[in-house]
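Novice: To be precise about what I am sending: the file is called upload_0.cif and holds mmCIF, C-alpha atoms and all ligand atoms.
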```cif
data_my_file
loop_
_atom_site.group_PDB
_atom_site.id
_atom_site.type_symbol
_atom_site.label_atom_id
_atom_site.label_comp_id
_atom_site.auth_asym_id
_atom_site.auth_seq_id
_atom_site.Cartn_x
_atom_site.Cartn_y
_atom_site.Cartn_z
ATOM 1 C CA MET A 496 55.342 98.433 42.147
ATOM 2 C CA ARG A 497 56.809 95.363 40.502
ATOM 3 C CA VAL A 498 54.616 94.255 37.597
ATOM 4 C CA SER A 499 56.702 91.405 36.203
ATOM 5 C CA THR A 500 56.913 87.971 37.833
ATOM 6 C CA ALA A 501 60.225 87.202 36.126
ATOM 7 C CA PRO A 502 63.103 86.574 38.575
ATOM 8 C CA LEU A 503 64.848 89.710 39.760
ATOM 9 C CA ARG A 504 68.181 90.104 37.975
ATOM 10 C CA PHE A 505 71.178 91.609 39.718
ATOM 11 C CA ALA A 506 74.866 92.252 39.246
ATOM 12 C CA LYS A 507 77.564 92.855 41.812
ATOM 13 C CA GLY A 508 80.498 95.221 41.403
ATOM 14 C CA HIS A 509 82.920 97.420 43.260
ATOM 15 C CA GLY A 510 85.094 100.497 42.823
ATOM 16 C CA THR A 511 88.277 100.172 44.909
ATOM 17 C CA GLN A 512 86.339 97.693 47.082
ATOM 18 C CA ASN A 513 83.406 100.014 47.759
ATOM 19 C CA ASP A 514 80.876 97.383 46.728
ATOM 20 C CA PHE A 515 77.393 97.573 45.294
ATOM 21 C CA VAL A 516 74.410 95.443 44.426
ATOM 22 C CA ILE A 517 73.261 96.545 40.970
ATOM 23 C CA LEU A 518 69.586 96.160 40.076
ATOM 24 C CA PRO A 519 68.622 96.724 36.441
ATOM 25 C CA ASP A 520 65.127 98.222 36.457
ATOM 26 C CA PRO A 521 64.924 100.377 33.289
ATOM 27 C CA THR A 522 61.242 101.250 33.637
ATOM 28 C CA ALA A 523 61.377 101.748 37.424
ATOM 29 C CA ASP A 524 58.888 99.024 38.301
ATOM 30 C CA LEU A 525 60.537 97.921 41.529
ATOM 31 C CA ASP A 526 59.257 99.138 44.864
ATOM 32 C CA LEU A 527 62.684 99.739 46.382
ATOM 33 C CA THR A 528 61.705 99.713 50.058
ATOM 34 C CA VAL A 529 64.138 100.165 52.937
ATOM 35 C CA ASP A 530 63.553 96.492 53.854
ATOM 36 C CA LEU A 531 64.395 95.289 50.350
ATOM 37 C CA VAL A 532 67.576 97.377 50.187
ATOM 38 C CA THR A 533 68.771 96.328 53.630
ATOM 39 C CA VAL A 534 68.218 92.621 52.920
ATOM 40 C CA LEU A 535 70.003 92.812 49.584
ATOM 41 C CA CYS A 536 72.948 94.700 51.094
ATOM 42 C CA ASP A 537 73.138 92.442 54.166
ATOM 43 C CA ARG A 538 76.278 90.277 54.011
ATOM 44 C CA GLN A 539 74.595 87.361 55.802
ATOM 45 C CA ARG A 540 70.968 87.450 54.578
ATOM 46 C CA GLY A 541 71.463 88.877 51.124
ATOM 47 C CA LEU A 542 74.070 89.580 48.481
ATOM 48 C CA GLY A 543 76.069 92.049 50.538
ATOM 49 C CA GLY A 544 77.073 95.569 49.592
ATOM 50 C CA ASP A 545 77.919 99.001 50.943
ATOM 51 C CA GLY A 546 75.112 100.293 48.779
ATOM 52 C CA LEU A 547 72.708 99.557 45.959
ATOM 53 C CA LEU A 548 72.520 101.053 42.467
ATOM 54 C CA ARG A 549 69.188 100.839 40.679
ATOM 55 C CA VAL A 550 69.721 101.275 36.912
ATOM 56 C CA ALA A 551 66.666 103.088 35.533
ATOM 57 C CA ARG A 552 65.808 105.719 32.955
ATOM 58 C CA ALA A 553 65.564 109.096 34.685
ATOM 59 C CA GLY A 554 62.161 109.787 33.126
ATOM 60 C CA ALA A 555 60.804 106.454 34.365
ATOM 61 C CA LEU A 556 61.828 107.328 37.939
ATOM 62 C CA VAL A 557 59.944 110.633 37.649
ATOM 63 C CA GLY A 558 56.918 108.753 36.259
ATOM 64 C CA ALA A 559 57.068 106.275 39.156
ATOM 65 C CA GLY A 560 57.253 109.109 41.709
ATOM 66 C CA VAL A 561 60.741 108.084 42.893
ATOM 67 C CA LEU A 562 62.079 111.478 41.753
ATOM 68 C CA ASP A 563 59.974 114.661 42.022
ATOM 69 C CA ALA A 564 61.600 116.097 38.914
ATOM 70 C CA LEU A 565 64.609 115.594 36.678
ATOM 71 C CA PRO A 566 67.710 116.893 38.513
ATOM 72 C CA ASP A 567 69.870 119.609 36.920
ATOM 73 C CA GLY A 568 71.232 118.660 33.517
ATOM 74 C CA VAL A 569 69.610 115.201 33.518
ATOM 75 C CA ALA A 570 67.431 114.266 30.520
ATOM 76 C CA ALA A 571 64.501 111.849 30.697
ATOM 77 C CA ASP A 572 66.362 109.321 28.535
ATOM 78 C CA ASP A 573 69.573 109.360 30.606
ATOM 79 C CA TRP A 574 70.409 106.331 32.716
ATOM 80 C CA PHE A 575 69.987 107.329 36.330
ATOM 81 C CA MET A 576 71.903 105.929 39.290
ATOM 82 C CA ASP A 577 69.201 105.561 41.955
ATOM 83 C CA TYR A 578 71.640 105.126 44.845
ATOM 84 C CA ARG A 579 70.759 103.696 48.271
ATOM 85 C CA ASN A 580 73.036 103.218 51.270
ATOM 86 C CA ALA A 581 73.175 99.771 52.913
ATOM 87 C CA ASP A 582 70.792 100.955 55.657
ATOM 88 C CA GLY A 583 68.212 101.825 52.979
ATOM 89 C CA SER A 584 68.707 105.592 53.151
ATOM 90 C CA ILE A 585 68.958 107.641 49.976
ATOM 91 C CA ALA A 586 72.120 109.625 49.215
ATOM 92 C CA GLU A 587 72.531 112.357 46.655
ATOM 93 C CA MET A 588 75.694 111.013 45.070
ATOM 94 C CA CYS A 589 78.187 108.166 45.088
ATOM 95 C CA GLY A 590 81.449 108.658 43.191
ATOM 96 C CA ASN A 591 82.586 105.037 43.138
ATOM 97 C CA GLY A 592 79.013 104.057 42.337
ATOM 98 C CA VAL A 593 78.993 106.209 39.192
ATOM 99 C CA ARG A 594 82.135 104.458 37.911
ATOM 100 C CA VAL A 595 80.615 101.027 38.507
ATOM 101 C CA PHE A 596 77.268 102.161 37.077
ATOM 102 C CA ALA A 597 78.948 103.470 33.912
ATOM 103 C CA HIS A 598 80.926 100.223 33.571
ATOM 104 C CA TYR A 599 77.717 98.185 33.954
ATOM 105 C CA CYS A 600 75.921 100.287 31.296
ATOM 106 C CA ARG A 601 78.840 99.889 28.897
ATOM 107 C CA ALA A 602 79.511 96.177 29.563
ATOM 108 C CA THR A 603 75.856 95.165 29.223
ATOM 109 C CA GLY A 604 75.309 97.249 26.079
ATOM 110 C CA LEU A 605 72.808 99.666 27.624
ATOM 111 C CA VAL A 606 75.127 102.383 26.302
ATOM 112 C CA ASP A 607 77.303 102.113 23.199
ATOM 113 C CA ALA A 608 79.438 105.244 23.614
ATOM 114 C CA ASP A 609 82.468 105.909 25.807
ATOM 115 C CA GLU A 610 81.236 109.323 26.886
ATOM 116 C CA PHE A 611 77.778 109.725 28.312
ATOM 117 C CA VAL A 612 75.845 111.237 31.184
ATOM 118 C CA VAL A 613 74.883 109.346 34.322
ATOM 119 C CA GLY A 614 72.033 110.961 36.227
ATOM 120 C CA SER A 615 72.268 111.346 39.995
ATOM 121 C CA ARG A 616 70.220 113.216 42.579
ATOM 122 C CA ALA A 617 73.069 115.755 42.736
ATOM 123 C CA GLY A 618 72.731 116.377 38.990
ATOM 124 C CA ALA A 619 74.268 115.129 35.755
ATOM 125 C CA ARG A 620 77.612 113.325 36.083
ATOM 126 C CA PRO A 621 79.336 113.016 32.679
ATOM 127 C CA VAL A 622 81.595 109.970 32.464
ATOM 128 C CA THR A 623 84.429 108.871 30.199
ATOM 129 C CA VAL A 624 85.008 105.119 29.962
ATOM 130 C CA HIS A 625 88.701 104.928 28.957
ATOM 131 C CA SER A 626 88.690 101.135 28.670
ATOM 132 C CA PHE A 627 86.414 98.283 29.661
ATOM 133 C CA ASP A 628 85.706 94.596 29.318
ATOM 134 C CA ALA A 629 83.161 92.361 31.045
ATOM 135 C CA SER A 630 85.183 92.466 34.262
ATOM 136 C CA LEU A 631 87.297 95.634 34.532
ATOM 137 C CA ALA A 632 86.956 99.278 33.492
ATOM 138 C CA ASP A 633 88.875 102.516 33.889
ATOM 139 C CA VAL A 634 86.459 105.420 34.275
ATOM 140 C CA THR A 635 86.656 109.173 34.867
ATOM 141 C CA VAL A 636 83.660 110.899 36.426
ATOM 142 C CA ALA A 637 83.108 114.646 36.234
ATOM 143 C CA MET A 638 82.002 115.109 39.826
ATOM 144 C CA GLY A 639 80.579 118.625 39.564
ATOM 145 C CA PRO A 640 81.460 121.615 41.730
ATOM 146 C CA VAL A 641 83.064 121.160 45.138
ATOM 147 C CA ARG A 642 82.098 123.626 47.870
ATOM 148 C CA LEU A 643 84.110 124.222 51.022
ATOM 149 C CA ASP A 644 81.783 125.253 53.842
ATOM 150 C CA GLY A 645 84.228 126.071 56.640
ATOM 151 C CA ALA A 646 85.671 124.233 59.601
ATOM 152 C CA GLY A 647 83.868 121.626 61.643
ATOM 153 C CA THR A 648 84.652 119.253 64.458
ATOM 154 C CA VAL A 649 83.937 115.584 65.041
ATOM 155 C CA THR A 650 84.751 112.830 67.487
ATOM 156 C CA LEU A 651 85.996 109.761 65.669
ATOM 157 C CA ALA A 652 88.090 106.807 66.829
ATOM 158 C CA GLY A 653 88.250 108.395 70.281
ATOM 159 C CA ARG A 654 89.890 111.546 68.905
ATOM 160 C CA ASP A 655 88.492 115.055 68.693
ATOM 161 C CA LEU A 656 89.256 116.157 65.151
ATOM 162 C CA THR A 657 88.864 119.348 63.178
ATOM 163 C CA GLY A 658 88.133 119.212 59.490
ATOM 164 C CA GLU A 659 86.701 121.011 56.480
ATOM 165 C CA ALA A 660 83.031 120.684 55.666
ATOM 166 C CA VAL A 661 82.932 119.849 51.955
ATOM 167 C CA ASP A 662 79.878 119.498 49.742
ATOM 168 C CA VAL A 663 80.400 117.204 46.758
ATOM 169 C CA GLY A 664 76.682 116.886 46.120
ATOM 170 C CA ASN A 665 76.590 114.981 49.415
ATOM 171 C CA PRO A 666 77.973 116.208 52.764
ATOM 172 C CA HIS A 667 81.456 115.450 54.087
ATOM 173 C CA LEU A 668 83.735 116.469 56.898
ATOM 174 C CA ALA A 669 87.309 115.842 55.756
ATOM 175 C CA CYS A 670 89.863 115.887 58.576
ATOM 176 C CA VAL A 671 93.537 116.171 57.647
ATOM 177 C CA VAL A 672 95.668 115.045 60.568
ATOM 178 C CA ASP A 673 99.253 116.179 60.085
ATOM 179 C CA GLY A 674 101.784 113.975 61.798
ATOM 180 C CA LEU A 675 99.567 110.879 61.837
ATOM 181 C CA SER A 676 101.590 108.117 60.237
ATOM 182 C CA ALA A 677 100.014 105.828 57.639
ATOM 183 C CA ARG A 678 100.517 102.970 60.105
ATOM 184 C CA GLU A 679 98.689 104.884 62.869
ATOM 185 C CA LEU A 680 95.888 105.739 60.432
ATOM 186 C CA ALA A 681 95.505 102.071 59.524
ATOM 187 C CA ALA A 682 95.338 101.106 63.210
ATOM 188 C CA LEU A 683 92.473 103.468 64.136
ATOM 189 C CA ASP A 684 89.264 101.806 65.285
ATOM 190 C CA LEU A 685 86.498 103.220 63.076
ATOM 191 C CA SER A 686 83.780 100.871 64.292
ATOM 192 C CA ALA A 687 81.829 103.550 66.175
ATOM 193 C CA ALA A 688 79.827 106.156 64.276
ATOM 194 C CA PRO A 689 81.368 109.636 64.287
ATOM 195 C CA ASP A 690 79.617 112.301 66.252
ATOM 196 C CA VAL A 691 79.104 115.320 63.958
ATOM 197 C CA ASP A 692 77.397 118.621 64.766
ATOM 198 C CA ASP A 693 73.689 118.248 63.873
ATOM 199 C CA GLU A 694 73.329 121.972 63.245
ATOM 200 C CA GLN A 695 76.193 122.049 60.785
ATOM 201 C CA PHE A 696 75.154 118.736 59.193
ATOM 202 C CA PRO A 697 71.362 118.432 59.490
ATOM 203 C CA ARG A 698 71.401 115.536 56.996
ATOM 204 C CA GLY A 699 74.388 113.840 58.658
ATOM 205 C CA ALA A 700 77.816 113.573 57.060
ATOM 206 C CA ASN A 701 80.417 111.219 55.735
ATOM 207 C CA VAL A 702 83.642 111.670 57.701
ATOM 208 C CA GLU A 703 87.127 111.268 56.232
ATOM 209 C CA ILE A 704 90.358 111.113 58.155
ATOM 210 C CA LEU A 705 93.505 111.515 56.122
ATOM 211 C CA THR A 706 97.165 111.945 56.562
ATOM 212 C CA PRO A 707 99.417 113.647 54.028
ATOM 213 C CA LEU A 708 102.073 111.335 52.624
ATOM 214 C CA VAL A 709 105.478 112.624 51.547
ATOM 215 C CA ALA A 710 104.936 116.097 50.079
ATOM 216 C CA ALA A 711 104.413 115.618 46.376
ATOM 217 C CA ASP A 712 105.554 119.057 45.159
ATOM 218 C CA GLY A 713 104.607 118.380 41.598
ATOM 219 C CA ARG A 714 106.596 115.128 41.435
ATOM 220 C CA ASP A 715 104.886 112.473 39.331
ATOM 221 C CA GLY A 716 102.517 115.228 38.284
ATOM 222 C CA LEU A 717 100.939 115.230 41.753
ATOM 223 C CA ASP A 718 100.397 118.306 43.910
ATOM 224 C CA TYR A 719 99.350 116.372 47.006
ATOM 225 C CA THR A 720 99.240 112.766 48.167
ATOM 226 C CA ALA A 721 97.490 111.270 51.156
ATOM 227 C CA ALA A 722 96.186 108.097 52.764
ATOM 228 C CA LEU A 723 92.526 108.166 53.734
ATOM 229 C CA ARG A 724 89.945 106.220 55.708
ATOM 230 C CA VAL A 725 86.260 106.991 55.744
ATOM 231 C CA TYR A 726 83.163 106.395 57.822
ATOM 232 C CA GLU A 727 80.164 106.675 55.508
ATOM 233 C CA ARG A 728 76.767 107.976 56.480
ATOM 234 C CA GLY A 729 74.245 105.148 56.186
ATOM 235 C CA VAL A 730 76.900 102.447 55.888
ATOM 236 C CA GLY A 731 79.803 102.462 58.376
ATOM 237 C CA GLU A 732 83.470 102.239 57.502
ATOM 238 C CA THR A 733 83.981 101.420 53.825
ATOM 239 C CA ARG A 734 87.199 100.610 51.969
ATOM 240 C CA SER A 735 86.751 103.574 49.661
ATOM 241 C CA CYS A 736 84.382 106.477 48.986
ATOM 242 C CA GLY A 737 84.622 108.446 45.735
ATOM 243 C CA THR A 738 82.934 111.601 46.963
ATOM 244 C CA GLY A 739 85.005 111.288 50.150
ATOM 245 C CA LEU A 740 88.186 111.119 48.100
ATOM 246 C CA VAL A 741 87.214 114.331 46.340
ATOM 247 C CA ALA A 742 86.384 115.947 49.699
ATOM 248 C CA GLY A 743 89.716 114.765 51.114
ATOM 249 C CA ALA A 744 91.595 116.108 48.094
ATOM 250 C CA ALA A 745 89.871 119.499 48.393
ATOM 251 C CA ALA A 746 90.631 119.684 52.127
ATOM 252 C CA GLY A 747 94.255 118.637 51.599
ATOM 253 C CA LEU A 748 94.838 121.239 48.891
ATOM 254 C CA HIS A 749 93.027 123.860 50.979
ATOM 255 C CA GLY A 750 95.576 123.242 53.746
ATOM 256 C CA LEU A 751 98.289 124.169 51.235
ATOM 257 C CA GLY A 752 96.417 127.361 50.347
ATOM 258 C CA ARG A 753 95.319 125.935 47.007
ATOM 259 C CA ALA A 754 91.951 125.309 45.395
ATOM 260 C CA THR A 755 93.125 123.343 42.364
ATOM 261 C CA GLY A 756 95.574 120.546 41.716
ATOM 262 C CA VAL A 757 96.151 116.893 41.012
ATOM 263 C CA VAL A 758 95.935 114.566 43.995
ATOM 264 C CA GLY A 759 96.740 110.877 44.519
ATOM 265 C CA ILE A 760 95.020 109.197 47.452
ATOM 266 C CA THR A 761 95.294 105.664 48.748
ATOM 267 C CA VAL A 762 92.439 104.028 50.623
ATOM 268 C CA PRO A 763 92.228 100.525 52.108
ATOM 269 C CA GLY A 764 90.603 99.359 48.844
ATOM 270 C CA GLY A 765 93.155 100.778 46.381
ATOM 271 C CA ALA A 766 94.130 104.102 44.841
ATOM 272 C CA VAL A 767 92.379 106.766 42.797
ATOM 273 C CA GLY A 768 93.252 110.053 41.177
ATOM 274 C CA VAL A 769 91.436 113.322 41.819
ATOM 275 C CA ARG A 770 91.830 116.489 39.790
ATOM 276 C CA LEU A 771 90.361 119.739 41.008
ATOM 277 C CA THR A 772 89.907 122.593 38.557
ATOM 278 C CA ASP A 773 88.441 126.067 39.097
ATOM 279 C CA SER A 774 84.993 124.790 38.286
ATOM 280 C CA GLU A 775 84.764 121.118 39.240
ATOM 281 C CA ALA A 776 86.428 117.866 40.274
ATOM 282 C CA PHE A 777 87.285 114.747 38.288
ATOM 283 C CA LEU A 778 87.630 111.292 39.812
ATOM 284 C CA ARG A 779 89.438 108.564 37.900
ATOM 285 C CA GLY A 780 89.709 104.960 38.969
ATOM 286 C CA PRO A 781 88.803 101.343 38.345
ATOM 287 C CA SER A 782 85.509 99.498 38.361
ATOM 288 C CA ARG A 783 85.227 95.754 38.722
ATOM 289 C CA LEU A 784 82.077 93.749 37.903
ATOM 290 C CA VAL A 785 82.165 90.431 39.746
ATOM 291 C CA ALA A 786 78.855 88.665 39.066
ATOM 292 C CA HIS A 787 75.559 88.635 37.222
ATOM 293 C CA GLY A 788 72.736 86.519 38.576
ATOM 294 C CA GLU A 789 69.145 86.264 39.602
ATOM 295 C CA LEU A 790 67.495 86.279 42.998
ATOM 296 C CA ILE A 791 65.493 83.281 44.129
ATOM 297 C CA ASP A 792 61.847 84.017 44.938
ATOM 298 C CA GLY A 793 61.396 84.341 48.685
ATOM 299 C CA PHE A 794 64.971 85.518 49.258
ATOM 300 C CA ALA A 795 63.768 88.383 51.442
ATOM 301 C CA ALA A 796 61.551 86.251 53.706
ATOM 302 C CA ASP A 797 62.722 85.752 57.266
ATOM 303 C CA ASP A 798 60.083 83.221 58.268
ATOM 304 C CA TYR A 799 61.941 79.929 58.169
ATOM 305 C CA ARG A 800 62.380 77.742 61.229
ATOM 306 C CA VAL A 801 64.834 74.944 61.752
ATOM 307 C CA GLY A 802 62.937 71.656 62.130
ATOM 308 C CA ARG A 803 62.874 69.960 65.541
ATOM 309 C CA GLY A 804 64.793 66.843 66.458
HETATM 310 N N1 LIG B 901 80.502 105.432 48.640
HETATM 311 C C1 LIG B 901 80.041 106.599 48.016
HETATM 312 C C2 LIG B 901 79.196 107.543 48.831
HETATM 313 C C3 LIG B 901 77.847 106.924 49.152
HETATM 314 C C4 LIG B 901 76.878 107.865 49.823
HETATM 315 C C5 LIG B 901 77.250 108.240 51.233
HETATM 316 N N2 LIG B 901 77.287 107.118 52.131
HETATM 317 C C6 LIG B 901 76.250 109.292 51.740
HETATM 318 O O1 LIG B 901 75.317 108.933 52.488
HETATM 319 O O2 LIG B 901 76.408 110.448 51.361
HETATM 320 C C7 LIG B 901 81.045 107.269 47.125
HETATM 321 O O3 LIG B 901 81.829 106.518 46.518
HETATM 322 O O4 LIG B 901 81.007 108.475 46.953
#
```
Would you write out, as structure tokens, the structure that this file holds?
Ligand SMILES: N[C@@H](CCC[C@H](N)C(=O)O)C(=O)O
Specialist:
Amino acid sequence: MRVSTAPLRFAKGHGTQNDFVILPDPTADLDLTVDLVTVLCDRQRGLGGDGLLRVARAGALVGAGVLDALPDGVAADDWFMDYRNADGSIAEMCGNGVRVFAHYCRATGLVDADEFVVGSRAGARPVTVHSFDASLADVTVAMGPVRLDGAGTVTLAGRDLTGEAVDVGNPHLACVVDGLSARELAALDLSAAPDVDDEQFPRGANVEILTPLVAADGRDGLDYTAALRVYERGVGETRSCGTGLVAGAAAGLHGLGRATGVVGITVPGGAVGVRLTDSEAFLRGPSRLVAHGELIDGFAADDYRVGRG
């Protein structure tokens, strides 16, 4: 429930063009309904975004009944990324979102250290802000453990693909297509939702399609490089997906018979680095804040009519 009548403040930011509406709501007063999220994320009726990040204290979200309990490793005082997809659905984690969230916390002075914990439904996500200003930041996120759950199939862009089911806190099916050129990957039509196996993915899945680039073989410190596109659950095709990049890196390395390594992946929105260790993954990349502003009362109403004559 929103108790204040002050205008609703927002910010807008993106991580490799995966873009987010940011709503500061430290004491979790906002009633973040599906309607409110979808209007705000709508590119015609609202601000536009692939998703929304509510910035609240973890303990306040528990108090407001948004979270049942504090997730693993998250303290009541930690800033919590209450993430919503553009269709209003809740997702457990968002890798690009954590970078942008950390940048926002640092740039607005909510946090005055370069290393801190961001809470997510998938658990604590420690971040390191290597550099930042009001506009740009370079952030590493410790993404937690990555679990490979076996092979799966999907129909996407008119192709029947096989991939690796990968859990990065949220579910993914990462399909490495050997022999697909970067040009062919870029030309695929990803407008239709992928058809994943409901039994394997009861909560749905994000689907990545990637093609290995020239074998890296340790050159430039990289063990694997790839180009990737993604169709996100609850959103559609996005220009980047942090958890999807980690899933793609894990699937790519798995194809080489490896579980660890350093991977460079390009997506339509830019490039990021992924490092997989025995215990967890690290995602490093940019965050860009593009605006701060306030919403005009009545922004969500859809009851206007054009006058006659
Ligand atoms: N863009 C995100 C992932 C957002 C959540 C995803 N759509 C889901 O429903 O799991 C990222 O950067 O990881």
Novice: Skipping near chain neighbours, those fewer than 5 positions away, what residues fall within 12 Å of Ser686 in chain A using all atoms listed in the file, listed as number ranges by chain?
Specialist: A: 651-653, 724-727, 730-733
Novice: Quick one: everything within 8 Å of Val661 in chain A, counting only C-alpha atoms, minus sequence neighbours fewer than 5 positions away in the same chain. Send it as a CSV table (one decimal) with C-alpha atoms, keeping the file's coordinate frame.
Specialist:
```
chain,number,residue,atom,x,y,z
A,641,VAL,CA,83.1,121.2,45.1
A,642,ARG,CA,82.1,123.6,47.9
A,643,LEU,CA,84.1,124.2,51.0
A,644,ASP,CA,81.8,125.3,53.8
A,645,GLY,CA,84.2,126.1,56.6
A,666,PRO,CA,78.0,116.2,52.8
A,667,HIS,CA,81.5,115.4,54.1
A,668,LEU,CA,83.7,116.5,56.9
A,669,ALA,CA,87.3,115.8,55.8
A,742,ALA,CA,86.4,115.9,49.7
A,745,ALA,CA,89.9,119.5,48.4
A,746,ALA,CA,90.6,119.7,52.1
```
Novice: Smallest atom-to-atom distance to ligand LIG 901 (chain B): which of A:Leu708, A:Val672, A:Ala501, A:Ala700, using all atoms listed in the file?
Specialist: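 Among the listed residues, A:Ala700 lies closest to ligand LIG 901 (chain B).
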Novice: Apply the PyMOL selection byres (((chain A and resi 692-698) around 8) and not hetatm) to the file shown and report the selected residues as a ChimeraX atom specification.
Specialist: /A:647-649,666,690-691,699-700
Novice: Which residue, A:Val529, A:Val606, A:Ala555, A:Met588, has the smallest gap to ligand LIG 901 (chain B) when you use all atoms listed in the file?
Specialist: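 For ligand LIG 901 (chain B), the nearest of the candidates is A:Met588.
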Novice: Can you list what the PyMOL selection byres (((chain A and resi 516) around 6) and not hetatm) grabs from this structure, as a PyMOL selection string?
Specialist: chain A and resi 507+515+517+544+547
Novice: Just want the residues within 9 Å of ligand LIG 901 (chain B), written as an MDAnalysis selection string, counting all atoms listed in the file.
Specialist: chainID A and resid 510 513:514 545:546 578:581 584:594 663:667 698:701 726:731 733:741
Novice: Can you work out which one of A:His625, A:Val561, A:Ala660, A:Val595 has the shortest atom-to-atom distance to Ala608 in chain A, counting all atoms listed in the file?
Specialist: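 The closest residue to Ala608 in chain A is A:His625.
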Novice: For the file shown, what are the residues hit by the PyMOL selection byres (((chain A and resi 523) around 10) and not hetatm), laid out as a PyMOL selection string?
Specialist: chain A and resi 496-497+519-522+524-527+549-561+577
Novice: Any chance you could tabulate, as a Markdown table, the residues of range 632-719 of chain A at most 6 Å from range 780-795 of chain A with each one's nearest atom pair and distance in Å to one decimal, using all atoms listed in the file, in chain and rising number order?
Specialist:
```
| residue | atom | partner | partner_atom | distance |
| --- | --- | --- | --- | --- |
| A:Ala632 | CA | A:Ser782 | CA | 5.1 |
| A:Asp633 | CA | A:Pro781 | CA | 4.6 |
| A:Val634 | CA | A:Gly780 | CA | 5.7 |
```
Novice: Within 7 Å of Pro621 in chain A, counting all atoms listed in the file, which residues show up once you throw out same-chain ones fewer than 6 positions away? Write them as a ChimeraX atom specification, please.
Specialist: /A:611-613,636-637
Novice: Which residues come within 7 Å of Gly618 in chain A, counting all atoms listed in the file, excluding same-chain residues fewer than 5 positions away, as number ranges by chain?
Specialist: A: 566-569
Novice: State, in Å with one decimal place, the distance from CA of Ser630 in chain A to CA of Leu723 in chain A.
Specialist: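 One can read the CA of Ser630 in chain A to CA of Leu723 in chain A distance as 26.1 Å.
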Novice: CA of Gly768 in chain A to CA of Gly743 in chain A: how many Å, to one decimal?
Specialist: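 Going from CA of Gly768 in chain A over to CA of Gly743 in chain A covers 11.6 Å.
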Novice: Ranking A:Gln512, A:Ser615, A:Ser626, A:Thr635 by minimum distance to Leu778 in chain A and counting only C-alpha atoms, which one comes first?
Specialist: A:Thr635
Novice: Please determine, counting only C-alpha atoms, which residue among A:Leu503, A:Thr511, A:Leu683, A:Thr650 has the shortest atom-to-atom distance to Gly765 in chain A.
Specialist: A:Thr511
Novice: Please, could N, CA and C atoms be added to range 653-667 of chain A and the result written as a PDB file, keeping the file's coordinate frame?
Specialist:
```pdb
ATOM      1  N   GLY A 653      87.805 107.899  68.980  1.00  0.00           N
ATOM      2  CA  GLY A 653      88.250 108.395  70.281  1.00  0.00           C
ATOM      3  C   GLY A 653      89.046 109.685  70.216  1.00  0.00           C
ATOM      4  N   ARG A 654      89.139 110.295  69.038  1.00  0.00           N
ATOM      5  CA  ARG A 654      89.890 111.546  68.905  1.00  0.00           C
ATOM      6  C   ARG A 654      88.945 112.681  68.566  1.00  0.00           C
ATOM      7  N   ASP A 655      89.226 113.858  69.105  1.00  0.00           N
ATOM      8  CA  ASP A 655      88.492 115.055  68.693  1.00  0.00           C
ATOM      9  C   ASP A 655      89.243 115.658  67.522  1.00  0.00           C
ATOM     10  N   LEU A 656      88.588 115.717  66.377  1.00  0.00           N
ATOM     11  CA  LEU A 656      89.256 116.157  65.151  1.00  0.00           C
ATOM     12  C   LEU A 656      88.603 117.410  64.604  1.00  0.00           C
ATOM     13  N   THR A 657      89.393 118.192  63.895  1.00  0.00           N
ATOM     14  CA  THR A 657      88.864 119.348  63.178  1.00  0.00           C
ATOM     15  C   THR A 657      89.035 119.075  61.690  1.00  0.00           C
ATOM     16  N   GLY A 658      88.037 119.447  60.930  1.00  0.00           N
ATOM     17  CA  GLY A 658      88.133 119.212  59.490  1.00  0.00           C
ATOM     18  C   GLY A 658      87.437 120.298  58.702  1.00  0.00           C
ATOM     19  N   GLU A 659      87.384 120.085  57.396  1.00  0.00           N
ATOM     20  CA  GLU A 659      86.701 121.011  56.480  1.00  0.00           C
ATOM     21  C   GLU A 659      85.374 120.383  56.065  1.00  0.00           C
ATOM     22  N   ALA A 660      84.310 121.141  56.202  1.00  0.00           N
ATOM     23  CA  ALA A 660      83.031 120.684  55.666  1.00  0.00           C
ATOM     24  C   ALA A 660      83.077 120.865  54.148  1.00  0.00           C
ATOM     25  N   VAL A 661      82.820 119.791  53.420  1.00  0.00           N
ATOM     26  CA  VAL A 661      82.932 119.849  51.955  1.00  0.00           C
ATOM     27  C   VAL A 661      81.665 119.251  51.348  1.00  0.00           C
ATOM     28  N   ASP A 662      81.062 119.998  50.438  1.00  0.00           N
ATOM     29  CA  ASP A 662      79.878 119.498  49.742  1.00  0.00           C
ATOM     30  C   ASP A 662      80.292 119.052  48.337  1.00  0.00           C
ATOM     31  N   VAL A 663      80.075 117.771  48.079  1.00  0.00           N
ATOM     32  CA  VAL A 663      80.400 117.204  46.758  1.00  0.00           C
ATOM     33  C   VAL A 663      79.083 116.689  46.145  1.00  0.00           C
ATOM     34  N   GLY A 664      78.013 117.398  46.455  1.00  0.00           N
ATOM     35  CA  GLY A 664      76.682 116.886  46.120  1.00  0.00           C
ATOM     36  C   GLY A 664      76.110 116.209  47.352  1.00  0.00           C
ATOM     37  N   ASN A 665      76.946 115.512  48.092  1.00  0.00           N
ATOM     38  CA  ASN A 665      76.590 114.981  49.415  1.00  0.00           C
ATOM     39  C   ASN A 665      77.561 115.563  50.447  1.00  0.00           C
ATOM     40  N   PRO A 666      77.184 115.506  51.735  1.00  0.00           N
ATOM     41  CA  PRO A 666      77.973 116.208  52.764  1.00  0.00           C
ATOM     42  C   PRO A 666      79.134 115.393  53.341  1.00  0.00           C
ATOM     43  N   HIS A 667      80.249 116.083  53.536  1.00  0.00           N
ATOM     44  CA  HIS A 667      81.456 115.450  54.087  1.00  0.00           C
ATOM     45  C   HIS A 667      82.114 116.368  55.105  1.00  0.00           C
TER      46      HIS A 667
END
```
